[in-house]
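Quick look at input-v4.pdb (PDB, C-alpha atoms, pLDDT in the B column):
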ATOM      1  CA  MET A 344       0.000   0.000   0.000  1.00 88.00           C
ATOM      2  CA  THR A 345       1.201   3.509  -0.802  1.00 84.00           C
ATOM      3  CA  VAL A 346      -0.209   6.921   0.029  1.00 79.00           C
ATOM      4  CA  ILE A 347       0.940   9.522  -2.476  1.00 83.00           C
ATOM      5  CA  ASN A 348       1.001  13.065  -1.119  1.00 77.00           C
ATOM      6  CA  LEU A 349       0.025  15.380  -3.978  1.00 79.00           C
ATOM      7  CA  PHE A 350      -0.305  19.139  -4.207  1.00 82.00           C
ATOM      8  CA  PRO A 351       1.112  20.152  -0.839  1.00 84.00           C
ATOM      9  CA  THR A 352       0.396  23.538   0.675  1.00 90.00           C
ATOM     10  CA  THR A 353       3.566  25.031   2.085  1.00 93.00           C
ATOM     11  CA  ILE A 354       4.106  27.638   4.766  1.00 95.00           C
ATOM     12  CA  TYR A 355       7.681  28.661   5.491  1.00 97.00           C
ATOM     13  CA  GLN A 356       8.417  29.733   9.067  1.00 98.00           C
ATOM     14  CA  THR A 357      11.486  31.424  10.541  1.00 98.00           C
ATOM     15  CA  TYR A 358      12.323  33.910  13.290  1.00 98.00           C
ATOM     16  CA  TYR A 359      14.039  37.290  13.429  1.00 98.00           C
ATOM     17  CA  LYS A 360      16.585  37.439  16.247  1.00 95.00           C
ATOM     18  CA  GLY A 361      17.203  41.203  16.471  1.00 95.00           C
ATOM     19  CA  ASP A 362      15.582  43.927  18.556  1.00 97.00           C
ATOM     20  CA  LEU A 363      12.161  44.847  17.159  1.00 98.00           C
ATOM     21  CA  THR A 364      11.440  47.767  19.503  1.00 98.00           C
ATOM     22  CA  PRO A 365      12.646  50.491  17.082  1.00 98.00           C
ATOM     23  CA  TYR A 366      10.408  49.105  14.311  1.00 98.00           C
ATOM     24  CA  VAL A 367       7.405  48.917  16.629  1.00 98.00           C
ATOM     25  CA  ASN A 368       7.994  52.546  17.655  1.00 97.00           C
ATOM     26  CA  ARG A 369       8.363  53.615  14.006  1.00 97.00           C
ATOM     27  CA  CYS A 370       5.049  51.964  13.074  1.00 97.00           C
ATOM     28  CA  ILE A 371       3.263  53.620  16.000  1.00 96.00           C
ATOM     29  CA  GLU A 372       4.742  56.970  14.934  1.00 97.00           C
ATOM     30  CA  LEU A 373       3.665  56.419  11.315  1.00 97.00           C
ATOM     31  CA  LYS A 374       0.142  55.422  12.354  1.00 96.00           C
ATOM     32  CA  ASP A 375      -0.419  58.969  13.604  1.00 94.00           C
ATOM     33  CA  LYS A 376       0.839  60.483  10.319  1.00 96.00           C
ATOM     34  CA  VAL A 377      -0.193  58.127   7.507  1.00 97.00           C
ATOM     35  CA  LYS A 378      -3.681  57.806   6.077  1.00 94.00           C
ATOM     36  CA  ARG A 379      -5.402  54.452   6.632  1.00 92.00           C
ATOM     37  CA  GLY A 380      -5.105  52.111   3.646  1.00 92.00           C
ATOM     38  CA  GLY A 381      -6.526  48.809   2.539  1.00 84.00           C
ATOM     39  CA  GLY A 382      -9.941  47.731   1.423  1.00 76.00           C
ATOM     40  CA  ASN A 383     -13.399  47.729   2.859  1.00 77.00           C
ATOM     41  CA  TRP A 384     -12.833  45.283   5.683  1.00 78.00           C
ATOM     42  CA  ILE A 385     -15.739  44.582   8.033  1.00 81.00           C
ATOM     43  CA  ASN A 386     -13.749  44.853  11.291  1.00 80.00           C
ATOM     44  CA  GLY A 387     -10.416  45.578   9.707  1.00 84.00           C
ATOM     45  CA  PRO A 388      -7.360  46.896  11.450  1.00 92.00           C
ATOM     46  CA  TYR A 389      -5.549  50.089  10.635  1.00 94.00           C
ATOM     47  CA  ASN A 390      -3.121  49.346   7.796  1.00 95.00           C
ATOM     48  CA  THR A 391      -0.921  51.183   5.325  1.00 96.00           C
ATOM     49  CA  TYR A 392      -1.629  49.065   2.250  1.00 95.00           C
ATOM     50  CA  ASP A 393      -1.387  51.417  -0.766  1.00 93.00           C
ATOM     51  CA  THR A 394      -0.710  54.443   1.475  1.00 96.00           C
ATOM     52  CA  TYR A 395       2.800  53.721   2.816  1.00 97.00           C
ATOM     53  CA  ASP A 396       5.246  51.106   1.536  1.00 97.00           C
ATOM     54  CA  LEU A 397       7.657  50.123   4.319  1.00 97.00           C
ATOM     55  CA  PHE A 398      10.156  48.876   1.718  1.00 96.00           C
ATOM     56  CA  LYS A 399      10.575  52.452   0.495  1.00 96.00           C
ATOM     57  CA  ASP A 400      11.451  53.611   4.015  1.00 97.00           C
ATOM     58  CA  ASN A 401      15.193  53.106   4.689  1.00 96.00           C
ATOM     59  CA  TYR A 402      14.392  52.731   8.376  1.00 97.00           C
ATOM     60  CA  PHE A 403      13.120  49.208   7.575  1.00 97.00           C
ATOM     61  CA  LYS A 404      16.118  48.231   5.409  1.00 97.00           C
ATOM     62  CA  LYS A 405      17.390  45.571   7.834  1.00 97.00           C
ATOM     63  CA  LEU A 406      13.946  43.925   8.022  1.00 97.00           C
ATOM     64  CA  LYS A 407      13.551  44.167   4.240  1.00 96.00           C
ATOM     65  CA  ASN A 408      16.872  42.339   3.809  1.00 96.00           C
ATOM     66  CA  PHE A 409      15.713  39.669   6.274  1.00 97.00           C
ATOM     67  CA  PHE A 410      12.445  39.187   4.360  1.00 97.00           C
ATOM     68  CA  ASN A 411      14.215  39.110   0.967  1.00 95.00           C
ATOM     69  CA  GLU A 412      16.764  36.566   2.186  1.00 95.00           C
ATOM     70  CA  HIS A 413      14.066  34.194   3.404  1.00 96.00           C
ATOM     71  CA  VAL A 414      11.879  34.669   0.328  1.00 95.00           C
ATOM     72  CA  MET A 415      14.844  33.498  -1.751  1.00 93.00           C
ATOM     73  CA  ILE A 416      15.338  30.445   0.501  1.00 94.00           C
ATOM     74  CA  TYR A 417      11.617  29.612   0.443  1.00 95.00           C
ATOM     75  CA  THR A 418      11.217  29.987  -3.323  1.00 93.00           C
ATOM     76  CA  LYS A 419      14.335  27.893  -3.986  1.00 91.00           C
ATOM     77  CA  THR A 420      13.072  25.200  -1.591  1.00 93.00           C
ATOM     78  CA  ILE A 421       9.714  24.856  -3.367  1.00 91.00           C
ATOM     79  CA  GLY A 422      11.193  25.234  -6.858  1.00 90.00           C
ATOM     80  CA  LEU A 423       9.859  28.658  -7.853  1.00 86.00           C
ATOM     81  CA  LYS A 424      12.172  30.279 -10.379  1.00 80.00           C
ATOM     82  CA  LYS A 425      10.837  33.786 -10.979  1.00 72.00           C
ATOM     83  CA  VAL A 426      10.315  35.821  -7.867  1.00 71.00           C
ATOM     84  CA  ASP A 427      11.552  39.367  -8.240  1.00 70.00           C
ATOM     85  CA  VAL A 428      12.551  40.742  -4.851  1.00 73.00           C
ATOM     86  CA  LYS A 429      12.763  44.184  -6.485  1.00 78.00           C
ATOM     87  CA  LYS A 430       9.014  44.051  -7.096  1.00 87.00           C
ATOM     88  CA  ALA A 431       8.018  43.700  -3.487  1.00 90.00           C
ATOM     89  CA  CYS A 432       5.912  45.834  -1.198  1.00 95.00           C
ATOM     90  CA  ALA A 433       5.267  45.866   2.534  1.00 97.00           C
ATOM     91  CA  TRP A 434       2.772  47.517   4.850  1.00 97.00           C
ATOM     92  CA  PHE A 435       1.906  47.274   8.517  1.00 97.00           C
ATOM     93  CA  ASN A 436      -1.333  46.378  10.283  1.00 96.00           C
ATOM     94  CA  VAL A 437      -2.357  47.406  13.796  1.00 96.00           C
ATOM     95  CA  TYR A 438      -5.046  45.272  15.424  1.00 95.00           C
ATOM     96  CA  ASN A 439      -6.797  46.774  18.429  1.00 93.00           C
ATOM     97  CA  LYS A 440      -9.482  45.128  20.531  1.00 94.00           C
ATOM     98  CA  SER A 441     -12.383  43.824  18.341  1.00 93.00           C
ATOM     99  CA  ASP A 442     -10.418  44.105  15.070  1.00 92.00           C
ATOM    100  CA  SER A 443     -10.288  41.104  12.748  1.00 93.00           C
ATOM    101  CA  GLN A 444      -9.780  40.402   9.081  1.00 93.00           C
ATOM    102  CA  GLU A 445     -11.942  38.092   7.039  1.00 94.00           C
ATOM    103  CA  TYR A 446     -10.610  35.436   4.647  1.00 94.00           C
ATOM    104  CA  HIS A 447      -8.680  36.882   1.734  1.00 94.00           C
ATOM    105  CA  ASN A 448      -5.645  36.195  -0.426  1.00 95.00           C
ATOM    106  CA  HIS A 449      -3.046  38.222  -2.301  1.00 95.00           C
ATOM    107  CA  ASN A 450      -3.778  36.496  -5.601  1.00 91.00           C
ATOM    108  CA  PHE A 451      -2.020  38.968  -7.919  1.00 91.00           C
ATOM    109  CA  ASN A 452       1.368  38.166  -6.392  1.00 92.00           C
ATOM    110  CA  ILE A 453       3.498  35.029  -6.131  1.00 92.00           C
ATOM    111  CA  VAL A 454       4.719  34.920  -2.533  1.00 95.00           C
ATOM    112  CA  SER A 455       3.185  36.710   0.445  1.00 97.00           C
ATOM    113  CA  GLY A 456       4.222  36.887   4.052  1.00 98.00           C
ATOM    114  CA  ILE A 457       3.183  37.857   7.557  1.00 98.00           C
ATOM    115  CA  PHE A 458       5.693  39.070  10.121  1.00 98.00           C
ATOM    116  CA  TYR A 459       4.616  39.373  13.752  1.00 98.00           C
ATOM    117  CA  LEU A 460       6.272  42.649  14.737  1.00 98.00           C
ATOM    118  CA  LYS A 461       4.513  43.094  18.100  1.00 98.00           C
ATOM    119  CA  SER A 462       2.454  40.324  19.648  1.00 96.00           C
ATOM    120  CA  ASN A 463       1.891  38.230  22.722  1.00 93.00           C
ATOM    121  CA  ASP A 464       0.270  34.862  23.355  1.00 91.00           C
ATOM    122  CA  GLN A 465      -3.117  36.489  24.060  1.00 95.00           C
ATOM    123  CA  ASP A 466      -3.298  38.195  20.649  1.00 96.00           C
ATOM    124  CA  SER A 467      -5.409  36.857  17.792  1.00 96.00           C
ATOM    125  CA  ASN A 468      -4.246  33.996  15.586  1.00 96.00           C
ATOM    126  CA  THR A 469      -3.817  33.941  11.844  1.00 97.00           C
ATOM    127  CA  ILE A 470      -5.819  31.152  10.231  1.00 96.00           C
ATOM    128  CA  PHE A 471      -4.949  29.558   6.892  1.00 95.00           C
ATOM    129  CA  LYS A 472      -7.728  27.753   5.047  1.00 93.00           C
ATOM    130  CA  SER A 473      -7.052  24.523   3.186  1.00 88.00           C
ATOM    131  CA  PRO A 474      -7.257  25.004  -0.589  1.00 88.00           C
ATOM    132  CA  ILE A 475      -8.672  21.484  -0.858  1.00 79.00           C
ATOM    133  CA  SER A 476     -12.456  21.501  -1.086  1.00 74.00           C
ATOM    134  CA  ASP A 477     -14.491  19.624   1.464  1.00 65.00           C
ATOM    135  CA  LEU A 478     -15.792  16.250   0.427  1.00 61.00           C
ATOM    136  CA  PRO A 479     -19.330  16.550  -0.948  1.00 60.00           C
ATOM    137  CA  SER A 480     -20.657  14.667   2.045  1.00 64.00           C
ATOM    138  CA  ASP A 481     -18.199  16.388   4.416  1.00 61.00           C
ATOM    139  CA  ALA A 482     -17.268  12.924   5.636  1.00 65.00           C
ATOM    140  CA  GLU A 483     -16.095  12.491   9.210  1.00 68.00           C
ATOM    141  CA  PHE A 484     -12.670  11.113   9.948  1.00 65.00           C
ATOM    142  CA  ASP A 485     -11.448   9.102  12.924  1.00 62.00           C
ATOM    143  CA  GLU A 486      -8.871  11.660  13.992  1.00 64.00           C
ATOM    144  CA  ASN A 487      -7.485  15.058  13.162  1.00 67.00           C
ATOM    145  CA  ASN A 488      -4.420  14.719  10.930  1.00 73.00           C
ATOM    146  CA  ILE A 489      -2.606  16.498   8.104  1.00 74.00           C
ATOM    147  CA  TYR A 490      -4.906  14.835   5.550  1.00 73.00           C
ATOM    148  CA  THR A 491      -8.086  16.140   7.124  1.00 74.00           C
ATOM    149  CA  TRP A 492      -7.149  19.603   8.367  1.00 77.00           C
ATOM    150  CA  LYS A 493      -9.432  22.293   7.040  1.00 82.00           C
ATOM    151  CA  ILE A 494      -7.580  25.120   8.741  1.00 86.00           C
ATOM    152  CA  TYR A 495      -4.141  25.780  10.192  1.00 90.00           C
ATOM    153  CA  LYS A 496      -3.719  28.269  13.040  1.00 93.00           C
ATOM    154  CA  SER A 497      -0.548  30.282  13.364  1.00 95.00           C
ATOM    155  CA  TYR A 498      -0.065  31.598  16.853  1.00 95.00           C
ATOM    156  CA  PRO A 499       1.323  35.126  17.197  1.00 96.00           C
ATOM    157  CA  ILE A 500       4.954  34.953  18.257  1.00 96.00           C
ATOM    158  CA  GLN A 501       6.890  38.183  18.085  1.00 97.00           C
ATOM    159  CA  GLY A 502       9.601  37.958  15.415  1.00 98.00           C
ATOM    160  CA  LYS A 503       7.988  35.060  13.491  1.00 98.00           C
ATOM    161  CA  LEU A 504       7.917  35.309   9.709  1.00 98.00           C
ATOM    162  CA  LEU A 505       5.519  33.197   7.640  1.00 98.00           C
ATOM    163  CA  LEU A 506       5.848  32.952   3.854  1.00 97.00           C
ATOM    164  CA  PHE A 507       3.308  31.258   1.595  1.00 97.00           C
ATOM    165  CA  ARG A 508       1.906  31.190  -1.911  1.00 94.00           C
ATOM    166  CA  SER A 509      -0.135  34.333  -2.437  1.00 95.00           C
ATOM    167  CA  ASP A 510      -3.287  32.457  -3.440  1.00 95.00           C
ATOM    168  CA  LEU A 511      -3.608  30.807  -0.005  1.00 96.00           C
ATOM    169  CA  ASN A 512      -6.697  32.100   1.807  1.00 96.00           C
ATOM    170  CA  HIS A 513      -6.082  33.382   5.326  1.00 97.00           C
ATOM    171  CA  CYS A 514      -7.787  35.506   7.964  1.00 96.00           C
ATOM    172  CA  VAL A 515      -7.161  36.946  11.421  1.00 96.00           C
ATOM    173  CA  GLU A 516      -9.368  36.035  14.357  1.00 96.00           C
ATOM    174  CA  GLN A 517     -11.001  38.823  16.321  1.00 94.00           C
ATOM    175  CA  GLN A 518      -8.582  40.534  18.681  1.00 94.00           C
ATOM    176  CA  MET A 519     -10.070  39.904  22.128  1.00 95.00           C
ATOM    177  CA  VAL A 520      -7.490  41.691  24.291  1.00 94.00           C
ATOM    178  CA  ASP A 521      -6.685  45.365  24.598  1.00 91.00           C
ATOM    179  CA  SER A 522      -3.191  45.380  23.108  1.00 88.00           C
ATOM    180  CA  ASN A 523      -1.717  46.518  19.824  1.00 90.00           C
ATOM    181  CA  ARG A 524      -1.012  43.451  17.694  1.00 96.00           C
ATOM    182  CA  ILE A 525       1.237  44.755  14.902  1.00 97.00           C
ATOM    183  CA  THR A 526       2.123  42.750  11.816  1.00 98.00           C
ATOM    184  CA  ILE A 527       3.978  43.529   8.622  1.00 98.00           C
ATOM    185  CA  SER A 528       2.567  42.065   5.425  1.00 97.00           C
ATOM    186  CA  VAL A 529       4.719  41.531   2.340  1.00 97.00           C
ATOM    187  CA  ASN A 530       3.999  40.671  -1.289  1.00 96.00           C
ATOM    188  CA  TYR A 531       6.473  39.586  -3.967  1.00 95.00           C
ATOM    189  CA  LYS A 532       5.809  39.481  -7.718  1.00 90.00           C
TER     190      LYS A 532
END
As structure tokens, what does this structure read like?
Amino acid sequence: MTVINLFPTTIYQTYYKGDLTPYVNRCIELKDKVKRGGGNWINGPYNTYDTYDLFKDNYFKKLKNFFNEHVMIYTKTIGLKKVDVKKACAWFNVYNKSDSQEYHNHNFNIVSGIFYLKSNDQDSNTIFKSPISDLPSDAEFDENNIYTWKIYKSYPIQGKLLLFRSDLNHCVEQQMVDSNRITISVNYK
């Protein structure tokens, strides 16, 4: 008997080891100066999508280099040949109490990422949805395993970087605590 694993969904995970405090402070400073960006989210956080690209701010150069380095490792690992790190953008998101973000993807890119800039174990999780459709009968399985997962929860750990194919649907649970959960989102063409 053989089980053939086809069409895997990959999420690359690594950690930044440097001090993040200056970047947190810079984002908080920018939040007071930069117009809110993004789409028409129902309970969306403040973000700078399309209003302020962190990769054009030299203050974030060290983080940009960290992201670029790991995008190259991730894309090489999964066999992607054409990811242009020069065609990347980044923005930050600030989740306050009651903020959330519904399922979405970054479909017009190749690789996307989430970096937990400021978070604690009480902050909301990021949830990735399986791209595999449910069985028509939504059959029940004997146990929870990698073949039956419908979602994958990523717990907020400060300094964690997640990279994934841009067409992978993901959301953020409602922020239940009164703290600023700050993430940086990245897209690569």
Which is closer to Lys405 of chain A than all the others in A:Asn386, A:Asp442, A:Pro365, A:Lys429, using all atoms listed in the file?
->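 Result for the nearest residue to Lys405 of chain A: A:Pro365.
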Using the chain letters and numbering of this document, enumerate as an NGL selection string the residues selected by the PyMOL selection byres ((chain A and resi 395) around 10).
-> :A and (373 or 377-380 or 390-394 or 396-400 or 432-435)
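The shell of residues at most 10 Å from Ile475 of chain A, with all atoms listed in the file counted and near chain neighbours (fewer than 6 positions) removed, consists of Phe350, Pro351, Thr352, Tyr490, Thr491, Trp492 and Lys493 of chain A.
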Spell out the residues picked by the PyMOL selection byres ((chain A and resi 502) around 7) here, as a PyMOL selection string.
-> chain A and resi 358-359+458-460+500-501+503-504
For the selection you just gave me, I'd like the residues written to a file as a PDB file, in the coordinates of the input, keeping C-alpha atoms.
ATOM      1  CA  TYR A 358      12.323  33.910  13.290  1.00 98.00           C
ATOM      2  CA  TYR A 359      14.039  37.290  13.429  1.00 98.00           C
ATOM      3  CA  PHE A 458       5.693  39.070  10.121  1.00 98.00           C
ATOM      4  CA  TYR A 459       4.616  39.373  13.752  1.00 98.00           C
ATOM      5  CA  LEU A 460       6.272  42.649  14.737  1.00 98.00           C
ATOM      6  CA  ILE A 500       4.954  34.953  18.257  1.00 96.00           C
ATOM      7  CA  GLN A 501       6.890  38.183  18.085  1.00 97.00           C
ATOM      8  CA  LYS A 503       7.988  35.060  13.491  1.00 98.00           C
ATOM      9  CA  LEU A 504       7.917  35.309   9.709  1.00 98.00           C
TER      10      LEU A 504
END
Once the PyMOL selection byres ((chain A and resi 451) around 12) has been applied to the shown file, what residues remain in the selection, as a PyMOL selection string?
-> chain A and resi 431+447-450+452-455+508-511+530-532
Residues at most 12 Å from Gln517 of chain A, counting only C-alpha atoms, excluding those fewer than 6 positions away in the same chain, as JSON, numbers by chain?
-> {"A": [385, 386, 387, 388, 438, 439, 440, 441, 442, 443, 444, 445, 465, 466, 467, 468, 469, 470, 524]}
Two-atom distance - atom CA of Asn408 of chain A, atom CA of Val367 of chain A (Å) =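 Straight-line distance from atom CA of Asn408 of chain A to atom CA of Val367 of chain A works out to 17.2 Å.
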